[in-house]
$ cat final-v1.pdb   # PDB, C-alpha atoms and all ligand atoms
ATOM      1  CA  MET A 394      16.504  -2.175  -0.900
ATOM      2  CA  PRO A 395      14.696   0.887  -2.233
ATOM      3  CA  ASP A 396      16.352   2.182  -5.407
ATOM      4  CA  ARG A 397      16.244   5.800  -4.254
ATOM      5  CA  ILE A 398      15.884   7.580  -0.926
ATOM      6  CA  LEU A 399      13.847  10.749  -0.504
ATOM      7  CA  ILE A 400      14.572  13.141   2.346
ATOM      8  CA  ALA A 401      11.680  15.144   3.790
ATOM      9  CA  PRO A 402      12.705  17.756   6.375
ATOM     10  CA  SER A 403       9.881  18.463   8.839
ATOM     11  CA  ILE A 404       9.347  22.183   9.363
ATOM     12  CA  LEU A 405       7.959  21.458  12.835
ATOM     13  CA  ALA A 406      11.552  21.883  14.026
ATOM     14  CA  ALA A 407      12.260  24.965  11.873
ATOM     15  CA  ASP A 408      12.671  28.532  13.099
ATOM     16  CA  PHE A 409       9.242  30.003  12.323
ATOM     17  CA  THR A 410      10.520  33.572  12.465
ATOM     18  CA  ARG A 411      12.287  32.762   9.195
ATOM     19  CA  LEU A 412      10.311  29.867   7.785
ATOM     20  CA  GLY A 413      10.762  30.822   4.134
ATOM     21  CA  ALA A 414      14.543  31.011   4.491
ATOM     22  CA  GLN A 415      14.684  27.669   6.309
ATOM     23  CA  ILE A 416      12.642  25.950   3.594
ATOM     24  CA  ALA A 417      14.811  27.519   0.880
ATOM     25  CA  GLU A 418      17.915  26.292   2.722
ATOM     26  CA  ALA A 419      16.526  22.759   2.812
ATOM     27  CA  GLN A 420      15.714  22.865  -0.908
ATOM     28  CA  GLN A 421      19.174  24.141  -1.763
ATOM     29  CA  ALA A 422      20.688  21.358   0.332
ATOM     30  CA  GLY A 423      18.929  18.741  -1.779
ATOM     31  CA  ALA A 424      15.777  17.962   0.204
ATOM     32  CA  ASP A 425      13.210  16.091  -1.882
ATOM     33  CA  LEU A 426       9.992  17.028  -0.060
ATOM     34  CA  ILE A 427       8.961  19.507   2.629
ATOM     35  CA  HIS A 428       7.073  17.753   5.439
ATOM     36  CA  VAL A 429       4.321  19.752   7.169
ATOM     37  CA  ASP A 430       2.926  18.413  10.464
ATOM     38  CA  VAL A 431      -0.691  19.391  11.043
ATOM     39  CA  MET A 432      -1.973  18.690  14.596
ATOM     40  CA  ASP A 433      -5.397  19.400  16.049
ATOM     41  CA  GLY A 434      -5.111  18.957  19.816
ATOM     42  CA  ARG A 435      -7.595  16.080  19.551
ATOM     43  CA  PHE A 436      -6.059  13.194  17.646
ATOM     44  CA  VAL A 437      -2.712  14.249  19.095
ATOM     45  CA  PRO A 438      -2.041  16.319  22.228
ATOM     46  CA  ASN A 439      -0.585  19.304  20.401
ATOM     47  CA  LEU A 440      -1.692  22.128  18.118
ATOM     48  CA  THR A 441       0.450  23.247  15.216
ATOM     49  CA  MET A 442      -0.327  24.582  11.773
ATOM     50  CA  GLY A 443      -3.061  24.684   9.151
ATOM     51  CA  PRO A 444      -3.578  25.619   5.495
ATOM     52  CA  LEU A 445      -2.201  29.134   6.117
ATOM     53  CA  ILE A 446       1.288  27.757   6.759
ATOM     54  CA  VAL A 447       1.014  25.352   3.814
ATOM     55  CA  GLU A 448       0.169  28.321   1.632
ATOM     56  CA  ALA A 449       3.211  30.244   2.952
ATOM     57  CA  ALA A 450       5.431  27.201   2.412
ATOM     58  CA  ARG A 451       4.056  26.913  -1.142
ATOM     59  CA  ARG A 452       5.346  30.409  -1.891
ATOM     60  CA  SER A 453       8.782  29.524  -0.456
ATOM     61  CA  THR A 454       9.648  26.454  -2.510
ATOM     62  CA  SER A 455       9.081  24.496  -5.691
ATOM     63  CA  LEU A 456       9.508  21.195  -3.796
ATOM     64  CA  PRO A 457       6.451  19.006  -3.249
ATOM     65  CA  LEU A 458       4.686  19.726   0.049
ATOM     66  CA  ASP A 459       4.104  16.548   2.040
ATOM     67  CA  VAL A 460       1.262  17.304   4.456
ATOM     68  CA  HIS A 461       0.872  14.931   7.407
ATOM     69  CA  LEU A 462      -2.611  15.303   8.887
ATOM     70  CA  MET A 463      -2.705  14.297  12.562
ATOM     71  CA  ILE A 464      -6.312  15.406  12.885
ATOM     72  CA  VAL A 465      -9.727  13.848  13.410
ATOM     73  CA  GLU A 466     -12.153  13.963  10.484
ATOM     74  CA  PRO A 467      -9.440  14.807   7.953
ATOM     75  CA  GLU A 468     -11.993  14.583   5.114
ATOM     76  CA  LYS A 469     -13.337  17.977   6.200
ATOM     77  CA  HIS A 470     -10.057  19.742   5.438
ATOM     78  CA  ILE A 471      -8.563  17.976   2.424
ATOM     79  CA  GLY A 472      -9.909  20.529  -0.054
ATOM     80  CA  ALA A 473      -8.429  23.421   1.916
ATOM     81  CA  PHE A 474      -4.998  21.808   2.118
ATOM     82  CA  VAL A 475      -4.908  20.981  -1.591
ATOM     83  CA  GLN A 476      -5.995  24.494  -2.411
ATOM     84  CA  ALA A 477      -3.203  25.818  -0.174
ATOM     85  CA  GLY A 478      -0.666  23.841  -2.227
ATOM     86  CA  ALA A 479      -0.347  20.377  -0.694
ATOM     87  CA  ASP A 480       1.058  17.836  -3.188
ATOM     88  CA  ARG A 481       0.837  14.807  -0.928
ATOM     89  CA  ILE A 482      -1.639  14.275   1.868
ATOM     90  CA  THR A 483      -1.245  11.642   4.566
ATOM     91  CA  VAL A 484      -4.137  10.661   6.806
ATOM     92  CA  HIS A 485      -3.981   8.322   9.793
ATOM     93  CA  VAL A 486      -5.748   4.966   9.530
ATOM     94  CA  GLU A 487      -6.810   5.495  13.160
ATOM     95  CA  THR A 488      -8.852   8.565  12.152
ATOM     96  CA  CYS A 489     -10.589   7.108   9.082
ATOM     97  CA  PRO A 490     -13.355   4.509   9.380
ATOM     98  CA  HIS A 491     -13.912   5.064   5.639
ATOM     99  CA  LEU A 492     -10.287   5.143   4.588
ATOM    100  CA  HIS A 493     -10.870   4.035   0.997
ATOM    101  CA  ARG A 494     -13.271   6.933   0.470
ATOM    102  CA  VAL A 495     -10.868   9.467   1.987
ATOM    103  CA  VAL A 496      -7.995   8.190  -0.146
ATOM    104  CA  GLN A 497     -10.131   8.618  -3.261
ATOM    105  CA  GLN A 498     -11.131  12.091  -2.098
ATOM    106  CA  ILE A 499      -7.451  13.077  -1.825
ATOM    107  CA  ARG A 500      -6.695  11.805  -5.320
ATOM    108  CA  GLU A 501      -9.742  13.465  -6.833
ATOM    109  CA  ALA A 502      -8.746  16.749  -5.180
ATOM    110  CA  GLY A 503      -5.423  16.503  -7.030
ATOM    111  CA  ALA A 504      -2.946  15.285  -4.390
ATOM    112  CA  ARG A 505      -1.115  12.015  -3.854
ATOM    113  CA  PRO A 506      -2.675  10.008  -1.001
ATOM    114  CA  ALA A 507      -0.791   8.268   1.782
ATOM    115  CA  VAL A 508      -1.835   6.500   4.966
ATOM    116  CA  ALA A 509      -0.083   6.611   8.347
ATOM    117  CA  LEU A 510       0.020   4.105  11.213
ATOM    118  CA  ASN A 511       0.707   4.848  14.854
ATOM    119  CA  PRO A 512       3.409   2.740  16.507
ATOM    120  CA  HIS A 513       0.906   0.272  17.993
ATOM    121  CA  THR A 514      -1.194  -0.148  14.830
ATOM    122  CA  PRO A 515      -0.394  -3.402  13.020
ATOM    123  CA  ALA A 516       0.627  -3.510   9.352
ATOM    124  CA  VAL A 517      -2.441  -5.578   8.452
ATOM    125  CA  MET A 518      -4.624  -2.498   9.085
ATOM    126  CA  VAL A 519      -3.375  -0.931   5.844
ATOM    127  CA  GLU A 520      -2.718  -3.966   3.648
ATOM    128  CA  GLU A 521      -6.038  -3.704   1.782
ATOM    129  CA  ILE A 522      -5.488  -0.027   1.006
ATOM    130  CA  LEU A 523      -1.981  -0.522  -0.449
ATOM    131  CA  PRO A 524      -3.163  -0.649  -4.106
ATOM    132  CA  PHE A 525      -4.819   2.754  -3.678
ATOM    133  CA  VAL A 526      -2.077   4.823  -2.023
ATOM    134  CA  ASP A 527       1.296   6.153  -3.154
ATOM    135  CA  MET A 528       2.909   5.891   0.256
ATOM    136  CA  VAL A 529       2.552   4.355   3.720
ATOM    137  CA  LEU A 530       3.849   6.294   6.701
ATOM    138  CA  VAL A 531       5.146   4.208   9.577
ATOM    139  CA  MET A 532       5.277   6.391  12.684
ATOM    140  CA  THR A 533       8.485   5.564  14.487
ATOM    141  CA  VAL A 534       7.463   7.709  17.502
ATOM    142  CA  ASN A 535       4.034   8.535  18.914
ATOM    143  CA  PRO A 536       2.732  11.431  16.830
ATOM    144  CA  GLY A 537       2.416  14.827  18.489
ATOM    145  CA  PHE A 538       5.894  16.168  19.067
ATOM    146  CA  GLY A 539       9.286  16.496  17.450
ATOM    147  CA  GLY A 540      12.485  15.448  19.149
ATOM    148  CA  GLN A 541      11.311  12.102  20.534
ATOM    149  CA  GLN A 542      13.218   8.853  20.619
ATOM    150  CA  PHE A 543      12.874   6.300  17.814
ATOM    151  CA  ILE A 544      10.901   3.166  18.805
ATOM    152  CA  PRO A 545      12.994   0.198  17.544
ATOM    153  CA  GLU A 546      10.043  -2.230  17.591
ATOM    154  CA  THR A 547       8.632  -0.386  14.544
ATOM    155  CA  LEU A 548      11.432  -1.828  12.377
ATOM    156  CA  ARG A 549       9.590  -5.126  12.155
ATOM    157  CA  LYS A 550       6.501  -3.374  10.818
ATOM    158  CA  ILE A 551       8.525  -1.597   8.127
ATOM    159  CA  GLU A 552       9.810  -4.983   7.025
ATOM    160  CA  GLN A 553       6.306  -6.519   7.030
ATOM    161  CA  LEU A 554       4.925  -3.687   4.911
ATOM    162  CA  HIS A 555       7.869  -3.868   2.535
ATOM    163  CA  THR A 556       7.197  -7.576   2.029
ATOM    164  CA  ALA A 557       3.462  -6.965   1.499
ATOM    165  CA  ILE A 558       4.187  -4.257  -1.092
ATOM    166  CA  VAL A 559       6.715  -6.387  -2.984
ATOM    167  CA  GLN A 560       4.456  -9.458  -2.916
ATOM    168  CA  ARG A 561       1.651  -7.458  -4.481
ATOM    169  CA  GLY A 562       3.986  -5.995  -7.108
ATOM    170  CA  LEU A 563       3.115  -2.436  -6.048
ATOM    171  CA  ALA A 564       5.184   0.756  -6.193
ATOM    172  CA  VAL A 565       4.283   2.161  -2.775
ATOM    173  CA  ASP A 566       6.884   4.127  -0.833
ATOM    174  CA  ILE A 567       7.408   3.508   2.873
ATOM    175  CA  GLN A 568       7.940   6.731   4.779
ATOM    176  CA  VAL A 569       9.251   6.831   8.333
ATOM    177  CA  ASP A 570       8.700   9.693  10.740
ATOM    178  CA  GLY A 571      10.141  10.329  14.187
ATOM    179  CA  GLY A 572      13.608  10.090  15.678
ATOM    180  CA  ILE A 573      15.356   9.727  12.323
ATOM    181  CA  ASP A 574      19.079  10.471  12.538
ATOM    182  CA  LEU A 575      22.415   9.019  11.417
ATOM    183  CA  LEU A 576      21.929   5.966  13.615
ATOM    184  CA  THR A 577      18.303   5.124  12.774
ATOM    185  CA  ALA A 578      18.284   6.083   9.061
ATOM    186  CA  PRO A 579      20.405   3.088   7.970
ATOM    187  CA  GLN A 580      18.250   0.768  10.102
ATOM    188  CA  VAL A 581      14.968   1.847   8.511
ATOM    189  CA  VAL A 582      16.395   1.866   4.985
ATOM    190  CA  ALA A 583      17.700  -1.670   5.516
ATOM    191  CA  LYS A 584      14.099  -2.735   6.235
ATOM    192  CA  GLY A 585      12.706  -1.042   3.117
ATOM    193  CA  ALA A 586      11.941   2.593   4.035
ATOM    194  CA  SER A 587      12.455   4.968   1.111
ATOM    195  CA  VAL A 588      11.219   8.341   2.411
ATOM    196  CA  LEU A 589      12.879   9.731   5.542
ATOM    197  CA  VAL A 590      11.205  12.511   7.529
ATOM    198  CA  ALA A 591      13.607  14.358   9.814
ATOM    199  CA  GLY A 592      12.811  17.421  11.901
ATOM    200  CA  THR A 593      15.190  17.937  14.797
ATOM    201  CA  PHE A 594      18.066  16.254  12.981
ATOM    202  CA  VAL A 595      17.825  18.699  10.058
ATOM    203  CA  PHE A 596      16.643  21.985  11.565
ATOM    204  CA  GLY A 597      18.237  21.522  14.984
ATOM    205  CA  ALA A 598      21.639  20.550  13.609
ATOM    206  CA  PRO A 599      24.492  22.643  15.034
ATOM    207  CA  GLU A 600      26.403  22.096  11.774
ATOM    208  CA  GLY A 601      23.529  23.563   9.750
ATOM    209  CA  VAL A 602      20.740  22.320   7.495
ATOM    210  CA  ALA A 603      22.906  21.577   4.441
ATOM    211  CA  ALA A 604      25.455  19.478   6.328
ATOM    212  CA  ALA A 605      22.681  17.598   8.141
ATOM    213  CA  ILE A 606      20.874  16.660   4.923
ATOM    214  CA  ALA A 607      24.125  15.610   3.254
ATOM    215  CA  SER A 608      25.125  13.390   6.181
ATOM    216  CA  LEU A 609      21.668  11.822   6.394
ATOM    217  CA  ARG A 610      21.734  10.994   2.690
ATOM    218  CA  ALA A 611      25.216   9.529   3.014
ATOM    219  CA  ALA A 612      24.162   7.401   6.010
ATOM    220  CA  ALA A 613      21.090   6.114   4.141
ATOM    221  CA  SER A 614      23.067   5.334   0.975
ATOM    222  CA  GLN A 615      25.768   3.514   2.896
ATOM    223  CA  VAL A 616      23.304   0.714   3.649
ATOM    224  CA  ARG A 617      22.693   0.030   0.004
ATOM    225  CA  VAL A 618      26.411  -0.193  -0.693
ATOM    226  CA  ASN A 619      27.033  -2.573   2.202
ATOM    227  CA  ILE A 620      24.212  -4.997   1.506
TER
HETATM  228  C1  LIG B   1       5.675  13.902  14.967
HETATM  229  C2  LIG B   1       5.747  14.434  13.574
HETATM  230  C3  LIG B   1       7.103  14.396  12.975
HETATM  231  C4  LIG B   1       8.136  15.231  13.701
HETATM  232  C5  LIG B   1       9.439  14.492  13.590
HETATM  233  O1  LIG B   1       4.353  13.818  15.353
HETATM  234  O2  LIG B   1       4.891  13.710  12.710
HETATM  235  O3  LIG B   1       7.089  14.719  11.593
HETATM  236  O4  LIG B   1       8.280  16.513  13.166
HETATM  237  O5  LIG B   1      10.364  15.141  14.374
HETATM  238  P1  LIG B   1      11.785  14.525  14.737
HETATM  239  O6  LIG B   1      12.499  14.271  13.444
HETATM  240  O7  LIG B   1      12.392  15.609  15.556
HETATM  241  O8  LIG B   1      11.544  13.267  15.509
HETATM  242 ZN    ZN B   2       5.096  14.066  10.493
END
$ encode --input "final-v1.pdb" --output "structure tokens"
Amino acid sequence: MPDRILIAPSILAADFTRLGAQIAEAQQAGADLIHVDVMDGRFVPNLTMGPLIVEAARRSTSLPLDVHLMIVEPEKHIGAFVQAGADRITVHVETCPHLHRVVQQIREAGARPAVALNPHTPAVMVEEILPFVDMVLVMTVNPGFGGQQFIPETLRKIEQLHTAIVQRGLAVDIQVDGGIDLLTAPQVVAKGASVLVAGTFVFGAPEGVAAAIASLRAAASQVRVNI
């Protein structure tokens, strides 16, 4: 079991008319990271935000900004995102034929590198990069949209990556993204996930952002007590 769980609300589901207030609310409620979903309409069938929003988020919080790049040729934009205030940058293995180089580029630019896998991409695709990244992101939905249903078959991949990380004696976090709620959070944590991205569950919660984050943390911690 991971010894601590980080919660990363995804602002994709936030109210953009009051983005600063929503991010501040998440920070006050104990969020650990702010997750920013960057989409280009090419790698994924949706367009969202760029460095301008990262820069606005940077002025709204002291929390680390966790920037998830769902874009082709991410190497062209890493400098701009770091300059805008990104602390962590995740690129997709499916977009990087020269992943090792891109990971180094992220670190040299001053951010913490991570690599993401689509639901169909096997764990072995990132095993050789594990010593060079701080985090692996297992997509638990197909990237592109918030509010989709968790794909349970991805649990096996979380477990495989957890085993690979432990066997190599590495300190790499496993992040999960997509369909994370009170039901799925304990399942992914039980397999070794330590960073939970949640968009709809946090910003769409009728009971409010603070209550949603508290209940998610409680659900994730419960697993560790029971096992
Ligand atoms: C999907 C994004 C996710 C998304 C998650 O492509 O990478 O970060 O915001 O949204 P929920 O939590 O609503 O599934
Ligand atoms: Zn994301």
$ residues_around --input "final-v1.pdb" --residues "Val616 (chain A)" --least-positions-apart "4" --cutoff "10 Å" --atoms "all atoms listed in the file" --output "list in words"
Met394, Ala578, Pro579, Gln580, Val581, Val582, Ala583, Ala611, Ala612 and Ile620 of chain A
$ resolve_selection --input "final-v1.pdb" --expression "the PyMOL selection byres (((chain A and resi 534) around 7) and not hetatm)" --output "ChimeraX atom specification"
/A:512,532-533,535-536,541-544,571-572
$ write_last_selection --input "final-v1.pdb" --atoms "C-alpha atoms" --output "short mmCIF file (atom, residue, chain, number, x, y, z; two decimals), in the coordinates of the input"
data_model
loop_
_atom_site.label_atom_id
_atom_site.label_comp_id
_atom_site.auth_asym_id
_atom_site.auth_seq_id
_atom_site.Cartn_x
_atom_site.Cartn_y
_atom_site.Cartn_z
CA PRO A 512 3.41 2.74 16.51
CA MET A 532 5.28 6.39 12.68
CA THR A 533 8.48 5.56 14.49
CA ASN A 535 4.03 8.54 18.91
CA PRO A 536 2.73 11.43 16.83
CA GLN A 541 11.31 12.10 20.53
CA GLN A 542 13.22 8.85 20.62
CA PHE A 543 12.87 6.30 17.81
CA ILE A 544 10.90 3.17 18.80
CA GLY A 571 10.14 10.33 14.19
CA GLY A 572 13.61 10.09 15.68
#
$ resolve_selection --input "final-v1.pdb" --expression "the PyMOL selection byres (((not hetatm)) within 7 of (chain B and resi 2))" --output "ChimeraX atom specification"
/A:403,428-430,461,570,590
$ write_last_selection --input "final-v1.pdb" --atoms "C-alpha atoms" --output "short mmCIF file (atom, residue, chain, number, x, y, z; two decimals), in the frame of the given file"
data_model
loop_
_atom_site.label_atom_id
_atom_site.label_comp_id
_atom_site.auth_asym_id
_atom_site.auth_seq_id
_atom_site.Cartn_x
_atom_site.Cartn_y
_atom_site.Cartn_z
CA SER A 403 9.88 18.46 8.84
CA HIS A 428 7.07 17.75 5.44
CA VAL A 429 4.32 19.75 7.17
CA ASP A 430 2.93 18.41 10.46
CA HIS A 461 0.87 14.93 7.41
CA ASP A 570 8.70 9.69 10.74
CA VAL A 590 11.20 12.51 7.53
#
$ closest_residue --input "final-v1.pdb" --among "A:Leu609, A:Val602, A:Leu554, A:Ile446" --to "Ile573 (chain A)" --atoms "all atoms listed in the file"
A:Leu609
$ resolve_selection --input "final-v1.pdb" --expression "the PyMOL selection byres (((chain A and resi 454) around 12) and not hetatm)" --output "JSON, numbers by chain"
{"A": [412, 413, 414, 415, 416, 417, 418, 419, 420, 421, 424, 425, 426, 427, 447, 448, 449, 450, 451, 452, 453, 455, 456, 457, 458, 478, 479]}
$ atom_distance --input "final-v1.pdb" --atom1 "CA of Met432 (chain A)" --atom2 "CA of Ala502 (chain A)"
21.0 Å
$ atom_distance --input "final-v1.pdb" --atom1 "CA of Phe525 (chain A)" --atom2 "CA of Gln497 (chain A)"
7.9 Å
$ atom_distance --input "final-v1.pdb" --atom1 "CA of Ser587 (chain A)" --atom2 "CA of Arg494 (chain A)"
25.8 Å
$ axis_aligned_box --input "final-v1.pdb" --around "ligand LIG 1 (chain B)" --padding-each-side "6 Å" --output "AutoDock Vina command-line options"
--center_x 8.4 --center_y 14.9 --center_z 13.6 --size_x 20.1 --size_y 15.2 --size_z 16.0
$ closest_residue --input "final-v1.pdb" --among "A:Phe409, A:Gly540, A:Ala516, A:Ile551" --to "Gly592 (chain A)" --atoms "all atoms listed in the file"
A:Gly540
$ residues_around --input "final-v1.pdb" --residues "Gly539 (chain A)" --least-positions-apart "4" --cutoff "7 Å" --atoms "only C-alpha atoms" --output "number ranges by chain"
A: 405-406, 592-593
$ residues_around --input "final-v1.pdb" --residues "Pro438 (chain A)" --least-positions-apart "5" --cutoff "12 Å" --atoms "all atoms listed in the file" --output "mmCIF file with C-alpha atoms, in the coordinates of the input"
data_model
loop_
_atom_site.group_PDB
_atom_site.id
_atom_site.type_symbol
_atom_site.label_atom_id
_atom_site.label_comp_id
_atom_site.auth_asym_id
_atom_site.auth_seq_id
_atom_site.Cartn_x
_atom_site.Cartn_y
_atom_site.Cartn_z
ATOM 1 C CA VAL A 431 -0.691 19.391 11.043
ATOM 2 C CA MET A 432 -1.973 18.690 14.596
ATOM 3 C CA ASP A 433 -5.397 19.400 16.049
ATOM 4 C CA MET A 463 -2.705 14.297 12.562
ATOM 5 C CA ILE A 464 -6.312 15.406 12.885
ATOM 6 C CA VAL A 465 -9.727 13.848 13.410
ATOM 7 C CA ASN A 535 4.034 8.535 18.914
ATOM 8 C CA PRO A 536 2.732 11.431 16.830
ATOM 9 C CA GLY A 537 2.416 14.827 18.489
ATOM 10 C CA PHE A 538 5.894 16.168 19.067
#
$ residues_near_point --input "final-v1.pdb" --point "(-6.9, 13.3, -4.1)" --cutoff "12 Å" --atoms "all atoms listed in the file" --output "VMD selection string"
chain A and resid 468 470 to 476 479 to 484 493 to 507 525 to 527
$ closest_residue --input "final-v1.pdb" --among "A:Ser608, A:Ser614, A:Thr410, A:Gln568" --to "ligand LIG 1 (chain B)" --atoms "all atoms listed in the file"
A:Gln568
$ build_atoms --input "final-v1.pdb" --residues "region 483-492 of chain A" --atoms "all heavy atoms" --output "PDB file, in the frame of the given file"
ATOM      1  N   THR A 483      -1.237  12.879   3.782  1.00  0.00           N
ATOM      2  CA  THR A 483      -1.245  11.642   4.566  1.00  0.00           C
ATOM      3  C   THR A 483      -2.302  11.745   5.651  1.00  0.00           C
ATOM      4  O   THR A 483      -2.315  12.717   6.412  1.00  0.00           O
ATOM      5  CB  THR A 483       0.139  11.422   5.208  1.00  0.00           C
ATOM      6  OG1 THR A 483       1.123  11.375   4.172  1.00  0.00           O
ATOM      7  CG2 THR A 483       0.166  10.120   5.998  1.00  0.00           C
ATOM      8  N   VAL A 484      -3.159  10.736   5.717  1.00  0.00           N
ATOM      9  CA  VAL A 484      -4.137  10.661   6.806  1.00  0.00           C
ATOM     10  C   VAL A 484      -3.821   9.425   7.646  1.00  0.00           C
ATOM     11  O   VAL A 484      -3.229   8.466   7.156  1.00  0.00           O
ATOM     12  CB  VAL A 484      -5.590  10.568   6.270  1.00  0.00           C
ATOM     13  CG1 VAL A 484      -5.994  11.839   5.565  1.00  0.00           C
ATOM     14  CG2 VAL A 484      -5.776   9.360   5.348  1.00  0.00           C
ATOM     15  N   HIS A 485      -4.213   9.462   8.914  1.00  0.00           N
ATOM     16  CA  HIS A 485      -3.981   8.322   9.793  1.00  0.00           C
ATOM     17  C   HIS A 485      -5.103   7.308   9.664  1.00  0.00           C
ATOM     18  O   HIS A 485      -6.283   7.680   9.688  1.00  0.00           O
ATOM     19  CB  HIS A 485      -3.858   8.792  11.250  1.00  0.00           C
ATOM     20  CG  HIS A 485      -2.462   9.137  11.619  1.00  0.00           C
ATOM     21  ND1 HIS A 485      -1.668   8.296  12.348  1.00  0.00           N
ATOM     22  CD2 HIS A 485      -1.707  10.217  11.310  1.00  0.00           C
ATOM     23  CE1 HIS A 485      -0.474   8.850  12.495  1.00  0.00           C
ATOM     24  NE2 HIS A 485      -0.469  10.017  11.878  1.00  0.00           N
ATOM     25  N   VAL A 486      -4.738   6.035   9.589  1.00  0.00           N
ATOM     26  CA  VAL A 486      -5.748   4.966   9.530  1.00  0.00           C
ATOM     27  C   VAL A 486      -6.629   5.008  10.783  1.00  0.00           C
ATOM     28  O   VAL A 486      -7.825   4.723  10.716  1.00  0.00           O
ATOM     29  CB  VAL A 486      -5.077   3.578   9.328  1.00  0.00           C
ATOM     30  CG1 VAL A 486      -4.117   3.233  10.447  1.00  0.00           C
ATOM     31  CG2 VAL A 486      -6.119   2.479   9.183  1.00  0.00           C
ATOM     32  N   GLU A 487      -6.047   5.465  11.909  1.00  0.00           N
ATOM     33  CA  GLU A 487      -6.810   5.495  13.160  1.00  0.00           C
ATOM     34  C   GLU A 487      -7.912   6.553  13.151  1.00  0.00           C
ATOM     35  O   GLU A 487      -8.803   6.533  13.996  1.00  0.00           O
ATOM     36  CB  GLU A 487      -5.864   5.770  14.346  1.00  0.00           C
ATOM     37  CG  GLU A 487      -4.747   4.738  14.536  1.00  0.00           C
ATOM     38  CD  GLU A 487      -3.507   5.029  13.691  1.00  0.00           C
ATOM     39  OE1 GLU A 487      -3.487   6.062  12.994  1.00  0.00           O
ATOM     40  OE2 GLU A 487      -2.575   4.209  13.721  1.00  0.00           O
ATOM     41  N   THR A 488      -7.852   7.484  12.200  1.00  0.00           N
ATOM     42  CA  THR A 488      -8.852   8.565  12.152  1.00  0.00           C
ATOM     43  C   THR A 488      -9.889   8.357  11.052  1.00  0.00           C
ATOM     44  O   THR A 488     -10.785   9.194  10.897  1.00  0.00           O
ATOM     45  CB  THR A 488      -8.181   9.936  11.896  1.00  0.00           C
ATOM     46  OG1 THR A 488      -7.587   9.918  10.587  1.00  0.00           O
ATOM     47  CG2 THR A 488      -7.127  10.269  12.934  1.00  0.00           C
ATOM     48  N   CYS A 489      -9.747   7.266  10.274  1.00  0.00           N
ATOM     49  CA  CYS A 489     -10.589   7.108   9.082  1.00  0.00           C
ATOM     50  C   CYS A 489     -11.332   5.787   9.039  1.00  0.00           C
ATOM     51  O   CYS A 489     -10.809   4.794   8.502  1.00  0.00           O
ATOM     52  CB  CYS A 489      -9.725   7.210   7.818  1.00  0.00           C
ATOM     53  SG  CYS A 489      -9.022   8.823   7.539  1.00  0.00           S
ATOM     54  N   PRO A 490     -12.575   5.747   9.536  1.00  0.00           N
ATOM     55  CA  PRO A 490     -13.355   4.509   9.380  1.00  0.00           C
ATOM     56  C   PRO A 490     -13.648   4.211   7.910  1.00  0.00           C
ATOM     57  O   PRO A 490     -13.842   3.065   7.533  1.00  0.00           O
ATOM     58  CB  PRO A 490     -14.648   4.785  10.163  1.00  0.00           C
ATOM     59  CG  PRO A 490     -14.687   6.248  10.411  1.00  0.00           C
ATOM     60  CD  PRO A 490     -13.293   6.773  10.303  1.00  0.00           C
ATOM     61  N   HIS A 491     -13.655   5.254   7.074  1.00  0.00           N
ATOM     62  CA  HIS A 491     -13.912   5.064   5.639  1.00  0.00           C
ATOM     63  C   HIS A 491     -12.663   5.488   4.850  1.00  0.00           C
ATOM     64  O   HIS A 491     -12.696   6.418   4.041  1.00  0.00           O
ATOM     65  CB  HIS A 491     -15.143   5.860   5.215  1.00  0.00           C
ATOM     66  CG  HIS A 491     -16.355   5.491   6.000  1.00  0.00           C
ATOM     67  ND1 HIS A 491     -16.993   4.282   5.815  1.00  0.00           N
ATOM     68  CD2 HIS A 491     -17.010   6.112   7.003  1.00  0.00           C
ATOM     69  CE1 HIS A 491     -18.008   4.200   6.681  1.00  0.00           C
ATOM     70  NE2 HIS A 491     -18.031   5.298   7.404  1.00  0.00           N
ATOM     71  N   LEU A 492     -11.591   4.775   5.138  1.00  0.00           N
ATOM     72  CA  LEU A 492     -10.287   5.143   4.588  1.00  0.00           C
ATOM     73  C   LEU A 492     -10.261   5.143   3.060  1.00  0.00           C
ATOM     74  O   LEU A 492      -9.694   6.047   2.440  1.00  0.00           O
ATOM     75  CB  LEU A 492      -9.228   4.176   5.139  1.00  0.00           C
ATOM     76  CG  LEU A 492      -7.788   4.424   4.726  1.00  0.00           C
ATOM     77  CD1 LEU A 492      -7.320   5.808   5.156  1.00  0.00           C
ATOM     78  CD2 LEU A 492      -6.871   3.358   5.335  1.00  0.00           C
TER      79      LEU A 492
END
